[in-house]
Amino acid sequence: MVQGTTSDAGKSTLVAALCRVLYRRGVRVAPFKPQNMALNSAVTVDGGEIGRAQAVQAQASGLLPHTDMNPVLLKPNSDTGCQVIIHGKAVCNLEATGYHAYKPTAMRAVLDSWQRLTMQYDCVIVEGAGSPAEINLRDNDIANMGFAEAVDCPVILIADIDKGGVFAHIVGTLALLSESERARIIGFVINRFRGDIALLQSGLDWLEQETGKPVLGVLPYLHDLHIEAEDAVPLNSTFARETEGSDRLKIIVPVLPHISNHTDFDALRLHPQVDFQFVKMGETIPSADLIILPGSKNVRGDLEYLRNNGWEQALTKHLRYGGKVLGVCGGFQMLGCAIHDPYATEGEAGSSAGFGWLEMETTLEQVKQLKQVTGQLAFAEAVVTGYEIHMGVSTGVALIKPALIINGKGEGAISQDNQVAGTYVHGLFDSPDACSAWLKWAGLQTAQHFDYEKLRNDELNRLADCAELHLDWVKLAQYL
């Protein structure tokens, strides 16, 4: 099991690296995260929903994602509450205190999945959540040491040196663990190191002497590494170089308070012909060729937030000057005339007026739709492979002119003036032909072929190469 001294220490990345290394060595390996809290999710081969990070780790393992890889997923829909997903299916909405009482039930689901995975695979690499030293979360813990103790699992502790304070993080974490939990840690991995390792050696020697535990490796800072984010919205760094002699298409996406599945836009962020920017609430809204409204776990709340932050006026002006607008999932619902939530699915029951650019209305139902889909764009000969994950059902005349064709039926909508489009399908830009077609729709004259899937796989191999070189596989061998 990989646990971290902090959030974003590199747990997800190290698990993906270990999975890819073992997979390349011919080991039957699978990833596992007992409990995940994230709004980035993926639809599994068995028709459920898990955290996006575990889907990436499954890819690293040469597997299709399965609900057993993340049996408990928490999707926040307010500052204090979340939707609880067990074995891929939404079972209830709970406030924090209510979920604490629910943990024993969740733990049974975790152990059932663990048993199934360990019967099927030679090795299971487990990812913890946050930090094991959160005192207020220790009781009935199922995400970190509570799980490790229950199944007698050895633990690697990873810490991020790039943020500073790495030795304090490690020693402080150990100090807050019980004696049995400290004994369970087999060693440390220091992540994101820049510079000459010789300058760090005295610190490593001190750490080993102070704790009696080995440093299992120091992983260097991998510049421009692209591994899909578990939850945090990435910084607006440009990975792809600007294509020489061509103008780039400007695309912006507002960062909603409850933004979900923002990994939909990774293929655009990395595309060499796209100037992509996430825009936070309160920031100046820049001009753009295309504005994309992303998915949301609280559509009506985020719609109100957009209005309160000047986005309705900005979108109206954008369309008046000939710009394009695309909505994905919750963003698609916002483009209609109304959103109804009669069952208080995402918050208080009620209705909200949409932006009204697509003549349709959406009603949030009690059963979530989860499915993997393959179809083609309605306006171009391009195959789309993605997934749907939503509780809304949209109806109206706007759907007569669809954005996609799936199993012979229309899906989504495109306005009569061809300026506004929307769809429930996530993964719109992952395939090269579909990405090129959307960019042309948005105004890019000639879109070049960009294979995002190949880039994802290449980055996993790059990460595994780094782990092969910088981890102590002799010390790890007895546990793997």
# chains A, B, ... in the order shown; residues from 1 in each chain; ligands from 1

$ select_by_dssp --residues "stretch 59-204 of chain A" --states "helix (DSSP H, G or I)" --output "PyMOL selection string"
chain A and resi 59-60+67-69+96-120+135-137+145-151+166-175+179-184+197-199+201-204

$ select_by_dssp --residues "stretch 45-115 of chain A" --states "strand (DSSP E)" --output "list in words"
Glu49, Ile50, Gly51, Val72, Leu73, Leu74, Lys75, Pro76, Gly81, Cys82, Gln83, Val84, Ile85, Ile86, Lys89, Ala90, Val91, Cys92, Asn93, Leu94 and Glu95 of chain A

$ residues_around --residues "A:Leu404" --least-positions-apart "2" --cutoff "12 Å" --atoms "only C-alpha atoms" --output "VMD selection string"
chain A and resid 373 to 386 399 to 402 406 to 414 421 to 426 428 434 437 to 438

$ residues_around --residues "A:Glu179" --least-positions-apart "5" --cutoff "12 Å" --atoms "only C-alpha atoms" --output "PDB file with N, CA and C atoms, in the first residue's frame"
ATOM      1  N   MET A 145      -4.539   3.529   7.345  1.00  0.00           N
ATOM      2  CA  MET A 145      -4.042   2.491   8.240  1.00  0.00           C
ATOM      3  C   MET A 145      -5.139   1.559   8.745  1.00  0.00           C
ATOM      4  N   GLU A 149      -4.256  -2.259   8.490  1.00  0.00           N
ATOM      5  CA  GLU A 149      -4.267  -3.118   9.669  1.00  0.00           C
ATOM      6  C   GLU A 149      -5.247  -4.275   9.494  1.00  0.00           C
ATOM      7  N   LEU A 174       5.057   9.718  11.195  1.00  0.00           N
ATOM      8  CA  LEU A 174       5.373   8.549  12.028  1.00  0.00           C
ATOM      9  C   LEU A 174       4.999   8.791  13.488  1.00  0.00           C
ATOM     10  N   ARG A 184       4.304  -1.114  10.418  1.00  0.00           N
ATOM     11  CA  ARG A 184       3.785  -1.537   9.112  1.00  0.00           C
ATOM     12  C   ARG A 184       4.481  -0.818   7.954  1.00  0.00           C
ATOM     13  N   ILE A 185       5.067   0.352   8.216  1.00  0.00           N
ATOM     14  CA  ILE A 185       5.744   1.110   7.156  1.00  0.00           C
ATOM     15  C   ILE A 185       7.104   0.491   6.867  1.00  0.00           C
TER      16      ILE A 185
END

$ residues_around --residues "A:Leu157" --least-positions-apart "3" --cutoff "10 Å" --atoms "only C-alpha atoms" --output "PyMOL selection string"
chain A and resi 1-5+9+11+128+131-132+170+173-174+185-190+215-216

$ write_last_selection --atoms "C-alpha atoms" --output "tab-separated table (two decimals), in the first residue's frame"
chain	number	residue	atom	x	y	z
A	1	MET	CA	0.00	0.00	0.00
A	2	VAL	CA	1.17	3.52	-0.83
A	3	GLN	CA	0.23	6.18	1.71
A	4	GLY	CA	1.24	9.85	1.61
A	5	THR	CA	2.30	12.42	4.15
A	9	ALA	CA	2.30	13.75	-2.38
A	11	LYS	CA	0.34	8.36	-4.21
A	128	GLY	CA	-4.32	5.45	0.45
A	131	SER	CA	-2.72	11.37	5.04
A	132	PRO	CA	-2.83	8.53	7.62
A	170	ILE	CA	7.83	12.01	7.29
A	173	THR	CA	3.57	11.41	10.26
A	174	LEU	CA	5.37	8.55	12.03
A	185	ILE	CA	5.74	1.11	7.16
A	186	ILE	CA	8.53	-0.63	5.23
A	187	GLY	CA	10.23	2.52	3.98
A	188	PHE	CA	9.96	5.92	2.34
A	189	VAL	CA	9.85	7.29	-1.19
A	190	ILE	CA	10.76	10.94	-1.69
A	215	VAL	CA	14.61	5.19	1.89
A	216	LEU	CA	13.30	3.05	-0.97

$ residues_around --residues "A:Asp458" --least-positions-apart "4" --cutoff "12 Å" --atoms "only C-alpha atoms" --output "list of chain:residue names"
A:Arg20, A:Gln59, A:Ala60, A:Leu225, A:His226, A:Ile227, A:Asp451, A:Tyr452, A:Glu453, A:Lys454, A:Arg462, A:Leu463, A:Ala464, A:Asp465

$ write_last_selection --atoms "C-alpha atoms" --output "JSON list (two decimals), in the first residue's frame"
[["chain", "number", "residue", "atom", "x", "y", "z"],
["A", 20, "ARG", "CA", 3.13, -0.45, -15.09],
["A", 59, "GLN", "CA", -4.59, 1.13, -17.87],
["A", 60, "ALA", "CA", -1.10, 0.97, -16.40],
["A", 225, "LEU", "CA", 4.60, 14.60, -16.99],
["A", 226, "HIS", "CA", 0.98, 14.00, -17.94],
["A", 227, "ILE", "CA", -0.97, 11.57, -15.77],
["A", 451, "ASP", "CA", -3.11, 10.93, -30.73],
["A", 452, "TYR", "CA", -3.94, 11.55, -27.08],
["A", 453, "GLU", "CA", -4.31, 7.86, -26.23],
["A", 454, "LYS", "CA", -0.77, 7.17, -27.44],
["A", 462, "ARG", "CA", 8.03, 7.17, -19.05],
["A", 463, "LEU", "CA", 6.87, 7.09, -15.45],
["A", 464, "ALA", "CA", 7.64, 3.36, -15.18],
["A", 465, "ASP", "CA", 11.12, 3.89, -16.65]]

$ residues_around --residues "A:Ser287" --least-positions-apart "6" --cutoff "9 Å" --atoms "only C-alpha atoms" --output "count of residues only"
5

$ closest_atom_pairs --of "stretch 356-459 of chain A" --to "stretch 339-347 of chain A" --cutoff "6 Å" --atoms "only C-alpha atoms" --output "JSON lines"
{"residue": "A:Glu361", "atom": "CA", "partner": "A:Ile339", "partner_atom": "CA", "distance": 6.0}
{"residue": "A:Thr362", "atom": "CA", "partner": "A:Ile339", "partner_atom": "CA", "distance": 4.8}
{"residue": "A:Thr363", "atom": "CA", "partner": "A:His340", "partner_atom": "CA", "distance": 4.6}
{"residue": "A:Leu364", "atom": "CA", "partner": "A:Asp341", "partner_atom": "CA", "distance": 5.1}

$ write_last_selection --atoms "C-alpha atoms" --output "CSV table (one decimal), in the first residue's frame"
chain,number,residue,atom,x,y,z
A,361,GLU,CA,-35.5,21.2,-20.4
A,362,THR,CA,-33.7,18.8,-18.0
A,363,THR,CA,-35.1,16.8,-15.1
A,364,LEU,CA,-32.8,15.2,-12.6

$ atom_distance --atom1 "atom CA of A:Leu335" --atom2 "atom CA of A:Phe355"
5.1 Å

$ atom_distance --atom1 "atom CA of A:His258" --atom2 "atom CA of A:Pro65"
24.1 Å

$ closest_residue --among "A:Tyr479, A:Tyr387, A:Tyr99, A:Phe193" --to "A:Leu222" --atoms "only C-alpha atoms"
A:Phe193

$ closest_atom_pairs --of "stretch 306-384 of chain A" --to "stretch 34-50 of chain A" --cutoff "10 Å" --atoms "only C-alpha atoms" --output "Markdown table"
| residue | atom | partner | partner_atom | distance |
| --- | --- | --- | --- | --- |
| A:Lys368 | CA | A:Gly48 | CA | 9.9 |
| A:Gln369 | CA | A:Gly47 | CA | 9.4 |
| A:Leu370 | CA | A:Gly47 | CA | 6.2 |
| A:Lys371 | CA | A:Gly47 | CA | 6.0 |
| A:Gln372 | CA | A:Val43 | CA | 6.5 |

$ write_last_selection --atoms "C-alpha atoms" --output "PDB file, in the first residue's frame"
ATOM      1  CA  LYS A 368     -27.872   7.575 -12.390  1.00  0.00           C
ATOM      2  CA  GLN A 369     -27.201   6.623 -16.000  1.00  0.00           C
ATOM      3  CA  LEU A 370     -23.829   4.916 -16.374  1.00  0.00           C
ATOM      4  CA  LYS A 371     -22.713   3.495 -19.692  1.00  0.00           C
ATOM      5  CA  GLN A 372     -19.796   3.273 -22.055  1.00  0.00           C
TER       6      GLN A 372
END

$ closest_residue --among "A:Trp114, A:Glu468, A:Gln83, A:Trp311" --to "A:Arg25" --atoms "only C-alpha atoms"
A:Glu468
